[in-house]
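Read through the structure below, which is laid out as structure tokens, and then see the notes.
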Amino acid sequence: MKKFLAIFLSLLMLVGVSVALIACVPASDNNGDTTGDGNDDGNGSQTATVEADVYAPDGAPALALAQLMSEEMQFGGKVTYNVVAADTIQTYVTGNDPQAELCILPVNAAAMLLGTGEKYQMLGAVTHGNLYVLSAKHTEEITAENAAELLAGTKIGSLQLENFVGYALRTVLSKYDVSFEVRTDKGETNETETAYLYNVDGTEIIPSADYDYMIAAEPAVSKKVNATKDTPKPLKVVGDLQALYGENGYPQAVLVAKKDFIAENAAFIKDFTDAVAANAAWLLEEETQAQTIYDAVVGHYLKEGTTPTFGVSDLTKEVIGACAVRFDSAASCKARVTEFLTELSVAANKTFSATDAFFYTAA
């Protein structure tokens, strides 16, 4: 009896130890993740969820992310897409603790604010020129052959005269040896051979405006044309700034990302840029409806009540094509960007430059 009791107690102790050991081993989920949070790198080790705030200015640059926003692509992490007013975009990449992990902004602003490559690096160019010449006074098309003659001595109202749009305009005028001067008295008459340039906002680009020509960006250009087509003096597109510049346009908007974010999330960056590259074709597919694109952009406005710069009817395949949305990696367009920044610097009498460190090259 004593022998039986001793065996029974020994077995009981063994069962207790086994239960304690099992309780100390973490349970495995279906992904092989032993933490129970689902974040496993495939080798049984824990990885943190990637979180990224992405910002893009309204208009053509936002179209560069339309499919990603429409499908709420998360790339295995948590991605928040934000579309903001164009004149506020730089605030999301500046300051002691910039809000944007990834951001689209004009190439000149990217170079001026981030060109050292210390905080952000350029992943690639996403648009390649969406600026057009509008007029209600003139109907003759401005071409490389007649640009010098037609533009000399005119009054030109330009959106963002002291930003990319105005600098691109100056670059084109310089190409055709048209002298220009920035003016503020919008009611004056120009009786010189110098083109007078004026800064205007979108509300001033109307048929009754006292300008020979006005410079605006697609897809807002088409919205302006469509809104006035049945009026006595409709606005018409009479020039393509990219064609006047030549060389298949110019790198206009670029995608940047925080340098430390890139270093820590190389796989995410590759997946994200691959999706941005695929987005260009998606925009032009017949199956991709204008309403889908519109909803994707408007549905991600950071501020409620923002007035869209374009409508659903403006997003035809022709208009989208005129927005020149295409992803070129930083490595492939580095020389082109550097050259264009030099041209902008001369035309604007400012310095826009970027170091080698600014251009991201995948390992």
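Here, A, B, ... name the chains of the structure tokens in the order displayed, residue numbers run from 1 inside each chain, and ligands are numbered from 1 in the same displayed order.
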### Task
Pick out each residue of region 114-341 of chain A that DSSP on the backbone tags as strand (DSSP E); I need them as a ChimeraX atom specification.
/A:120-127,131-135,155-159,180-182,195-200,213-217,236-240,253-258,325-329
### Query
What does the distance between CA of Ala357 (chain A) and CA of Cys103 (chain A) come to in Å, to one decimal place?
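Result for CA of Ala357 (chain A) versus CA of Cys103 (chain A): 17.5 Å, one decimal.
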### Message
Using only C-alpha atoms, which protein or nucleic acid residues come within 10 Å of Asp260 (chain A)? Drop anything in the same chain fewer than 5 positions from it, and give the result as a ChimeraX atom specification.
### Response
/A:101,118-121,265
### Task
Excluding Lys236 (chain A) and any residue of its chain fewer than 6 positions from it, enumerate the residues within 12 Å of it, using only C-alpha atoms, and give them as a list in words.
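So, after excluding close chain neighbours, the residues are Tyr132, Val133, Leu134, Ser135, Ala136, Lys137, His138, Thr139, Glu140, Glu141, Ile142, Ile205, Ile206, Pro207, Asp212, Tyr213, Met214, Ile215, Ala216, Val221, Ser222, Lys223, Lys224, Val225, Asn226, Ala227, Thr228, Lys229 and Asp230 of chain A.
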Go through region 135-252 of chain A and flag each residue having an atom no more than 12 Å from region 329-350 of chain A; for those, report the closest pair of atoms plus their distance in Å to one decimal, using only C-alpha atoms, ordered by chain and rising number, as CSV.
```
residue,atom,partner,partner_atom,distance
A:Leu161,CA,A:Ala348,CA,9.9
A:Glu162,CA,A:Ala348,CA,8.2
A:Asn163,CA,A:Ala348,CA,9.0
A:Phe164,CA,A:Leu344,CA,8.5
A:Val165,CA,A:Leu344,CA,10.5
A:Gly166,CA,A:Ala348,CA,8.3
A:Tyr167,CA,A:Ala348,CA,5.6
A:Ala168,CA,A:Leu344,CA,6.8
A:Leu169,CA,A:Ala347,CA,8.8
A:Arg170,CA,A:Ala347,CA,5.5
A:Thr171,CA,A:Ala347,CA,5.2
A:Val172,CA,A:Ala347,CA,8.8
A:Leu173,CA,A:Ala347,CA,8.8
A:Ser174,CA,A:Ala347,CA,7.0
A:Lys175,CA,A:Ala347,CA,9.6
A:Asp177,CA,A:Ala347,CA,11.5
A:Val178,CA,A:Ala347,CA,11.7
A:Ser179,CA,A:Ala347,CA,11.0
A:Phe180,CA,A:Ala347,CA,10.3
A:Glu181,CA,A:Ala348,CA,11.3
A:Val182,CA,A:Ala348,CA,11.0
A:Tyr245,CA,A:Phe340,CA,10.9
A:Gly246,CA,A:Phe340,CA,12.0
A:Glu247,CA,A:Arg336,CA,10.2
A:Asn248,CA,A:Arg336,CA,11.3
A:Gly249,CA,A:Phe340,CA,10.3
A:Tyr250,CA,A:Phe340,CA,7.2
A:Pro251,CA,A:Val337,CA,6.3
A:Gln252,CA,A:Val337,CA,9.0
```
### Task
Mind checking which residues fall within 12 Å of Gly95 (chain A), counting only C-alpha atoms, ignoring those fewer than 4 positions away in the same chain, and posting them as a ChimeraX atom specification?
/A:90-91,99-100,113-114,119
### Message
Quick check for you: according to DSSP on this backbone, which residues of region 204-344 of chain A are classed as helix (DSSP H, G or I)? Reply as a ChimeraX atom specification.
### Response
/A:204,220-228,241-245,259-264,266-284,290-298,312-314,317-322,330-344
### Query
Which residues come within 9 Å of Pro57 (chain A), counting only C-alpha atoms, excluding same-chain residues fewer than 3 positions away, as a list in words?
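Counting only C-alpha atoms, the residues come to Ala60, Pro61, Ala62, Asn82, Val83, Val84, Ala85, Ala86, Asp87, Thr88, Ile89, Cys103, Ile104 and Leu105 of chain A.
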### Query
From the list A:Gly76, A:Met112, A:Thr307, A:Ala148, which residue is nearest Gly202 (chain A) when using only C-alpha atoms?
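For Gly202 (chain A), the nearest of the given residues is A:Thr307.
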### Task
Excluding Glu188 (chain A) and any residue of its chain fewer than 6 positions from it, enumerate the residues within 12 Å of it, using only C-alpha atoms, and give them as a VMD selection string.
chain A and resid 154 to 155 196 to 198 210 to 211
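The coordinates place CA of Ala125 (chain A) at 19.8 Å from CA of Ala263 (chain A).
Nearest to Asp97 (chain A) of all the residues A:Gly157, A:Pro232, A:Lys258, A:Glu318 is A:Lys258, counting only C-alpha atoms.
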